[in-house]
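The structure under discussion appears below in the form of structure tokens.
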Amino acid sequence: MKMTEKDSLLSDFELFDKMKEHEQVVFCNDPATGLRAIIAIHNTTLGPALGGCRMQPYNNVEEALEDVLRLSKGMTYKCAAADVDFGGGKAVIIGDPNKDKTPELFRAFGQFVNSLGGRFYTGTDMGTTMEDFVHMMKETTFVSGLPEEYGGGGDTSILTAAGVLFGIRATNQMLYGSDDLGGRTYAIQGLGKVGFKVASSLLETGAHIIVADINKDSLKGIEEKALTTSGTVTVVANDEIYSQAADMFVPCAFGGIINDNTIEQFMVKAIVGSANNQLLHESHGQLLQKKGILYAPDYIVNSGGLIQVADEIYGINHERVLKKTKQIYEAILGIFKEAENRGITTIESANEMCEKRIAMRGNLNNFYAASVKPKWKFTNS
């Protein structure tokens with residue numbers, strides 16, 4: 001069917017309608033380096049937007065836009081929950097991280113980030129590494145999550161995994177009256193940077209873990225780890241991880257994995273993990289509640305890495321970061337108890353907490369424009 005001029009105009013307005021919750025969306029195009037990227041700034045009431053940059057071969061621009069809008073909104077809630085003075089933002093680069101990366105591409109991206117004058121800070125995410133942002137540093141100082149030798153805090157997965165473990169402890173405390181990790185069974189989906197660390201720590205407590213991952217080397221590695229601990233491990237196929245009988249499901253891979261299909265399969269008492277956007281729709285939080293499964297909101301559980309990169313902008317202090325990451329334990333317990341007392345879902349409880357915090361802070365500052373001055377600066381000699 002041939003598209004008329006009216007249809008085209010409607011399509012344009014629909015595009016703006018998709019972005020109506022966001023303050024600013026920037027499309028970045030640099031033919032010389034092949035850079036095609038989108039930066040989304042959702043809300044800067046709490047401070048400049050902060051969010052990672054992921055790189056993946058999206059099928060089309062609309063798919064990339066949907067992803068960056070969804071992720072940047074999630075960062076607003078994540079920053080509010082972690083009580084850091086930053087708002088929500090995200091960036092996506094359209095391309096295959098195994099084929100399309102070049103130093104020049106990330107320098108070009110750095111120029112676009114720099115043009116925002118401090119309204120957006122970024123760092124690593126899926127498909128990008130700390131080394132990529134070393135190149136970006138040559139064009140802008142608005143980058144975080146860097147290697148220690150460049151003034152950064154180093155590997156953020158360490159703190160993210162620590163936060164997940166605090167979340168698991170808090171959930172055990174709510175369910176069993178004890179926050180001990182050992183003596184329980186955990187079904188873990190994904191043994192990447194965070195998932196492997198979580199699985200290893202649980203094995204060291206004597207827990208039994210059931211794991212699934214597409215990477216055979218990771219599976220072999222966790223089996224070898226089990227041999228040196230008092231814990232045990234069982235490997236299952238990826239599509240079997242949802243139906244395992246366990247105390248807890250620990251998603252550390254994909255988003256949207258809590259949906260109509262998987263909820264029917266779950267045989268656990270709780271879900272606590274590092275994966276972003278675990279609920280396909282917030283209504284799935286209600287379905288979990290009806291089934292008697294306690295859900296720890298992912299954007300609180302996985303905020304350890306965010307806490308580190310936010311702290312890094314002012315000058316990294318590892319003791320301060322760990323102290324703040326430990327607060328995830330009390331935050332999760334508070335969300336659970338509020339939800340129980342009011343008869344609402346845990347995701348509703350978490351969202352309300354964040355929205356109240358943003359509203360209260362909005363009386364102090366609105367629409368952040370001035371840049372935060374980091375304590376380090378990379379100079380190109």
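Following the order of the structure tokens, chains are lettered A, B, ..., residues in each are numbered from 1, and ligands are numbered from 1.
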Using only C-alpha atoms, find each residue of range 253-273 of chain A with at least one atom at most 10 Å away from an atom of range 162-186 of chain A; report its shortest atom-to-atom pair and that distance in Å (one decimal), sort the rows by chain and rising residue number, and return the result as a tab-separated table.
residue	atom	partner	partner_atom	distance
A:Val268	CA	A:Tyr186	CA	8.9
A:Lys269	CA	A:Leu175	CA	8.2
A:Ala270	CA	A:Thr171	CA	7.5
A:Ile271	CA	A:Ile168	CA	8.8
A:Val272	CA	A:Ile168	CA	6.2
A:Gly273	CA	A:Val164	CA	6.1
Considering only C-alpha atoms, tabulate each residue of range 76-174 of chain A that lies at most 7 Å from range 192-203 of chain A along with its nearest interatomic pair and the corresponding distance in Å to one decimal; arrange the rows by chain and ascending residue number and present them as JSON lines.
{"residue": "A:Ser157", "atom": "CA", "partner": "A:Val194", "partner_atom": "CA", "distance": 5.2}
{"residue": "A:Thr160", "atom": "CA", "partner": "A:Val194", "partner_atom": "CA", "distance": 6.6}
{"residue": "A:Ala161", "atom": "CA", "partner": "A:Val194", "partner_atom": "CA", "distance": 5.2}
{"residue": "A:Leu165", "atom": "CA", "partner": "A:Val198", "partner_atom": "CA", "distance": 6.8}
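Counting only C-alpha atoms and comparing A:Glu348, A:Glu224, A:Asp100, A:Asp239, the residue that lies closest to Gly190 in chain A is A:Asp239.
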query = So which residues touch Val25 in chain A within 8 Å, counting only C-alpha atoms, skipping near sequence neighbours fewer than 4 positions away, as a ChimeraX atom specification?
reply = /A:19,38-41
Print the selection's residues with all heavy atoms to a file, as a CSV table (one decimal), in the first residue's frame.
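As a result, out03.csv now contains:
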chain,number,residue,atom,x,y,z
A,19,MET,N,8.4,9.5,22.3
A,19,MET,CA,9.4,10.2,23.1
A,19,MET,C,8.8,11.2,24.1
A,19,MET,O,9.6,11.9,24.7
A,19,MET,CB,10.4,10.9,22.2
A,19,MET,CG,11.1,10.0,21.2
A,19,MET,SD,12.4,10.8,20.2
A,19,MET,CE,11.4,11.9,19.1
A,38,ILE,N,22.0,6.5,19.3
A,38,ILE,CA,20.9,7.3,19.9
A,38,ILE,C,21.2,7.5,21.3
A,38,ILE,O,21.5,6.5,22.1
A,38,ILE,CB,19.6,6.6,19.7
A,38,ILE,CG1,19.3,6.2,18.2
A,38,ILE,CG2,18.4,7.5,20.2
A,38,ILE,CD1,18.0,5.4,18.0
A,39,ILE,N,21.1,8.7,21.8
A,39,ILE,CA,21.2,9.1,23.2
A,39,ILE,C,19.9,9.5,23.7
A,39,ILE,O,19.3,10.4,23.1
A,39,ILE,CB,22.3,10.2,23.4
A,39,ILE,CG1,23.6,9.8,23.0
A,39,ILE,CG2,22.3,10.6,24.9
A,39,ILE,CD1,24.7,10.9,22.9
A,40,ALA,N,19.4,8.9,24.8
A,40,ALA,CA,18.1,9.3,25.3
A,40,ALA,C,18.2,9.8,26.7
A,40,ALA,O,18.8,9.1,27.6
A,40,ALA,CB,17.1,8.1,25.3
A,41,ILE,N,17.8,11.0,27.0
A,41,ILE,CA,17.8,11.6,28.3
A,41,ILE,C,16.3,11.6,28.8
A,41,ILE,O,15.5,12.3,28.3
A,41,ILE,CB,18.4,13.0,28.3
A,41,ILE,CG1,19.8,13.0,27.9
A,41,ILE,CG2,18.2,13.7,29.7
A,41,ILE,CD1,20.5,14.3,27.8
Who sits within 7 Å of Asn276 in chain A, only C-alpha atoms, same chain under 3 positions skipped, as an mmCIF file with C-alpha atoms, in the first residue's frame:
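The file below, selection_7.cif, is the result:
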data_model
loop_
_atom_site.group_PDB
_atom_site.id
_atom_site.type_symbol
_atom_site.label_atom_id
_atom_site.label_comp_id
_atom_site.auth_asym_id
_atom_site.auth_seq_id
_atom_site.Cartn_x
_atom_site.Cartn_y
_atom_site.Cartn_z
ATOM 1 C CA GLY A 255 15.349 -8.831 30.160
ATOM 2 C CA ASP A 298 15.749 -5.615 39.542
ATOM 3 C CA TYR A 299 16.715 -1.953 39.348
#
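Secondary structure of range 139-354 of chain A, strand (DSSP E) only (DSSP, backbone atoms): Thr185, Tyr186, Ala187, Ile188, Gln189, His208, Ile209, Ile210, Val211, Ala212, Thr232, Val233, Thr234, Val235, Met248, Phe249, Val250, Pro251, Ala270, Ile271, Leu294 and Tyr295 of chain A.
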Each residue of range 285-338 of chain A with at least one atom at most 7 Å from range 76-93 of chain A should appear once, together with its nearest atom pair and the corresponding distance in Å (one decimal); atoms considered: only C-alpha atoms; ordering: chain, then increasing residue number; output as JSON lines.
{"residue": "A:Tyr299", "atom": "CA", "partner": "A:Lys78", "partner_atom": "CA", "distance": 5.1}
{"residue": "A:Ile300", "atom": "CA", "partner": "A:Ala81", "partner_atom": "CA", "distance": 6.2}
{"residue": "A:Ser303", "atom": "CA", "partner": "A:Ala82", "partner_atom": "CA", "distance": 6.6}
{"residue": "A:Ile307", "atom": "CA", "partner": "A:Ala82", "partner_atom": "CA", "distance": 6.9}
{"residue": "A:Ala310", "atom": "CA", "partner": "A:Val84", "partner_atom": "CA", "distance": 7.0}
Convert the current residue selection to file output with N, CA, C and O atoms, as a compact mmCIF listing (two decimals), in the first residue's frame.
# COMPACT_ATOMS: atom_id res chain seq x y z
N TYR A 299 15.91 -3.18 39.42
CA TYR A 299 16.71 -1.95 39.35
C TYR A 299 17.26 -1.53 40.71
O TYR A 299 18.13 -0.66 40.79
N ILE A 300 16.78 -2.16 41.78
CA ILE A 300 17.39 -1.96 43.10
C ILE A 300 18.47 -3.00 43.34
O ILE A 300 19.59 -2.68 43.75
N SER A 303 21.90 -2.40 41.40
CA SER A 303 22.39 -1.01 41.37
C SER A 303 23.81 -0.83 41.89
O SER A 303 24.32 0.29 41.93
N ILE A 307 26.08 2.59 41.48
CA ILE A 307 26.61 3.31 42.64
C ILE A 307 28.10 3.59 42.44
O ILE A 307 28.60 4.68 42.74
N ALA A 310 28.62 6.29 39.58
CA ALA A 310 28.18 7.61 40.05
C ALA A 310 29.22 8.20 41.00
O ALA A 310 29.55 9.39 40.93
task = Just the helix (DSSP H, G or I) stuff from range 164-239 of chain A, please, per backbone DSSP, written as a PyMOL selection string.
result = chain A and resi 164-176+193-204+216-226+238-239
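One finds CA of Gln244 in chain A at 20.0 Å from CA of Lys220 in chain A.
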